[in-house]
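To start, the structure itself, in structure tokens.
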Amino acid sequence: MLKTMKIDFANLKLAYQEHKEEFDQAILKVCGSAKYIMGPEIVSFEEKLSEFIGVKHAISCASGTDALLLAMMAINIQHGDEVITTPFTFIATGEMIALLGAKPVFVDIEEDTYNINASKIEEKITSKTKAIMPVSLYGQVADMDEINQIAERHKLTVIEDAAQSFGATYKNKKSCNLSHIACTSFFPAKPLGCFGDGGAIFTNSDQLADKIKSLRVHGQTRRYQHKYIGIGGRMDTLQAAILDIKLKYYEKDILARQKVGQLYDDRISSTQKAPIIKPDRTTVWAQYSIRVPVRDKLQQNLKEEGIPTAIHYPKPLHLQECFDYLSHQKGDFPIAEAISEEILSLPMNPYLKVEEIDYIADQLKRFTNT
Ligand SMILES: *Cc1c(COP(=O)(O)O)cnc(C)c1O
């Protein structure tokens with residue numbers, strides 16, 4: 001019998017403890033300055049963000065969801081427009097398209113990466129299509145060269161939903177610098193997380209950056225002069241101060257996550273392997289998700305042995321009630337549907353020890369007879 005261990009899924013507590021003094025000091029400094037909104041920490045964090053990614057403009061905002069909304073507002077996505085995306089993602093991707101009155105047009109995913117199948121995009125393009133929004137699921141970017149080429153042929157904008165892939169690379173360039181606009185999230189459980197909600201938008205276009213900065217503050221160009229209809233979508237100064245510290249250690253965290261991913265890969269049966277990572281890219285393992293045919297029972301068994309798991313995502317977007325009006329049905333995107341029924345995310349964080357990964361792999365073997 002294996003001695004029961006208690007595994008932490010994302011280990012946010014340890015992420016705080018590891019640099020507690022630095023975080024506490026930075027938080028107290030912001031409190032002392034009382035510059036809670038757009039304080040100097042915002043400016044300096046944005047500079048470091050753009051430097052880290054190698055992109056001209058990094059614009060912080062209140063969440064990954066707001067990042068997607070602001071990016072689409074910046075290119076005037078509106079009622080009647082169509083935006084092509086994947087049905088196998090977090091709801092916000094399709095939701096923000098719909099919130100602007102546009103239609104999310106789904107394209108099924110690849111069987112081996114769970115990312116949008118670029119070879120099926122072109123057949124979905126119509127005269128109403130304005131943008132393509134690939135999602136870099138679980139930390140690995142989609143086939144961006146192919147997607148950018150399609151976009152160029154049809155004069156479309158590409159917006160990378162990089163909420164899960166901050167720090168990942170594609171052909172030696174970083175995610176968030178692979179398309180016209182990119183959006184990421186600093187939600188606590190993302191690879192680079194803050195202590196609440198946060199997000200950022202990236203672009204090399206001066207014009208788009210100016211507009212996004214304005215949209216972030218109610219469309220204002222100068223105080224009380226409103227050029228556009230915008231939102232209140234700023235990042236809190238406190239979160240910028242926290243992220244500034246986290247970013248310093250982030251390369252180390254990425255390497256630790258990749259090591260965990262590699263250890264899982266080595267120990268888990270090939271029939272359950274996580275998505276394959278294509279040779280021209282690296283992942284930051286936002287999730288380490290495997291496919292298991294009988295999921296509910298396994299989740300319960302693992303839970304009893306101290307191993308928390310999660311499902312990203314149990315229901316593809318086209319089958320969500322909020323999208324009933326699109327009149328999709330089961331069978332429309334068979335790969336997304338099949339994978340949503342079998343996918344299971346294992347604990348993933350930079351602090352997992354070899355013994356813990358061994359333990360998780362052993363328990364998996366025990367309950368799945370592999
Ligand atoms: C987390 C996530 C978002 C939304 O980010 P929030 O910061 O939670 O608003 C959007 N898209 C994807 C793919 C995500 O994983």
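Residue numbering restarts at 1 in every chain; chains get A, B, ... in the order shown in the structure tokens, and ligands count up from 1 in that same order.
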Using only C-alpha atoms and all ligand atoms, determine which residues fall within 8 Å of ligand 1, then list them as number ranges by chain. A: 62-68, 89-93, 135-138, 161-164, 184-187, 190, 197-199
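Taking only C-alpha atoms into account, A:Met38 lies nearest to A:Gln239 out of the set A:Ser165, A:Ser127, A:Gln239, A:Thr86.
Shortest separation to A:Asn349 among A:Asn11, A:Gln149, A:Thr221, A:Thr237 occurs at residue A:Asn11, atoms counted being only C-alpha atoms.
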Picked from stretch 156-354 of chain A by DSSP as helix (DSSP H, G or I), as an MDAnalysis selection string: chainID A and resid 206:216 237:248 250:267 270:272 295:304 317:319 321:326 334:342 354
Can you pull out the residues contacting A:Pro316? Cut-off 7 Å, using only C-alpha atoms, and skip same-chain residues under 4 positions away; I want them as a list in words.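 Counting only the stated atoms, we get Pro87, Phe88, Gln320, Ala336, Glu337 and Ser340 of chain A.
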Have a look at atom CA of A:Lys174 and atom CA of A:Pro275 and let me know their distance in Å, one decimal.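 Interatomic distance here is 19.6 Å.
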Select, from A:Cys194, A:Ile42, A:Val55, A:Ala182, the residue with the minimum atom-to-atom distance to A:Ala71, counting only C-alpha atoms. A:Ala182
Leaving out A:Leu319 and any residue of its chain fewer than 5 positions from it, which residues lie within 10 Å of it when counting only C-alpha atoms, given as number ranges by chain? A: 87, 324, 326-333, 337
Stretch 146-214 of chain A: residues DSSP assigns to strand (DSSP E), reported as a PyMOL selection string: chain A and resi 157-161+169-170+173-174+181-185+199-203
Restrict the selected residues to C-alpha atoms and save them as a PDB file, in the first residue's frame.
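Contents of out_31.pdb, as written:
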```
ATOM      1  CA  THR A 157      -7.031  40.664 -37.272  1.00  0.00           C
ATOM      2  CA  VAL A 158      -5.527  37.906 -35.137  1.00  0.00           C
ATOM      3  CA  ILE A 159      -6.008  38.152 -31.377  1.00  0.00           C
ATOM      4  CA  GLU A 160      -4.176  35.513 -29.362  1.00  0.00           C
ATOM      5  CA  ASP A 161      -6.035  34.508 -26.201  1.00  0.00           C
ATOM      6  CA  THR A 169       7.514  30.261 -26.882  1.00  0.00           C
ATOM      7  CA  TYR A 170       6.813  29.620 -30.556  1.00  0.00           C
ATOM      8  CA  LYS A 173       9.382  34.166 -30.054  1.00  0.00           C
ATOM      9  CA  LYS A 174       7.192  34.600 -27.018  1.00  0.00           C
ATOM     10  CA  ILE A 181      -2.999  41.816 -30.460  1.00  0.00           C
ATOM     11  CA  ALA A 182      -2.615  39.338 -27.598  1.00  0.00           C
ATOM     12  CA  CYS A 183      -4.345  39.086 -24.253  1.00  0.00           C
ATOM     13  CA  THR A 184      -3.267  37.397 -21.067  1.00  0.00           C
ATOM     14  CA  SER A 185      -4.609  36.853 -17.558  1.00  0.00           C
ATOM     15  CA  GLY A 199      -4.670  40.936 -17.135  1.00  0.00           C
ATOM     16  CA  ALA A 200      -2.722  42.548 -19.958  1.00  0.00           C
ATOM     17  CA  ILE A 201      -2.943  43.357 -23.652  1.00  0.00           C
ATOM     18  CA  PHE A 202       0.042  43.333 -25.993  1.00  0.00           C
ATOM     19  CA  THR A 203       0.566  44.896 -29.406  1.00  0.00           C
TER      20      THR A 203
END
```
Near-A:Leu247 list (12 Å; only C-alpha atoms; drop same-chain fewer than 6 positions) as a PyMOL selection string: chain A and resi 19+44-53+166-167+186+191-194+239-241+253-254
Restricting the calculation to only C-alpha atoms, which member of A:Tyr228, A:Asp266, A:Leu69, A:Ala274 is positioned closest to A:Asp210?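 Of A:Tyr228, A:Asp266, A:Leu69, A:Ala274, the one nearest A:Asp210, counting only C-alpha atoms, is A:Tyr228.
Of note, atom CA of A:Leu344 and atom CA of A:His312 are spaced 7.0 Å apart.
When only C-alpha atoms are used to measure the gap to A:Tyr249, the shortest distance among A:Ile229, A:Pro350, A:Met73, A:Ile147 belongs to A:Pro350.
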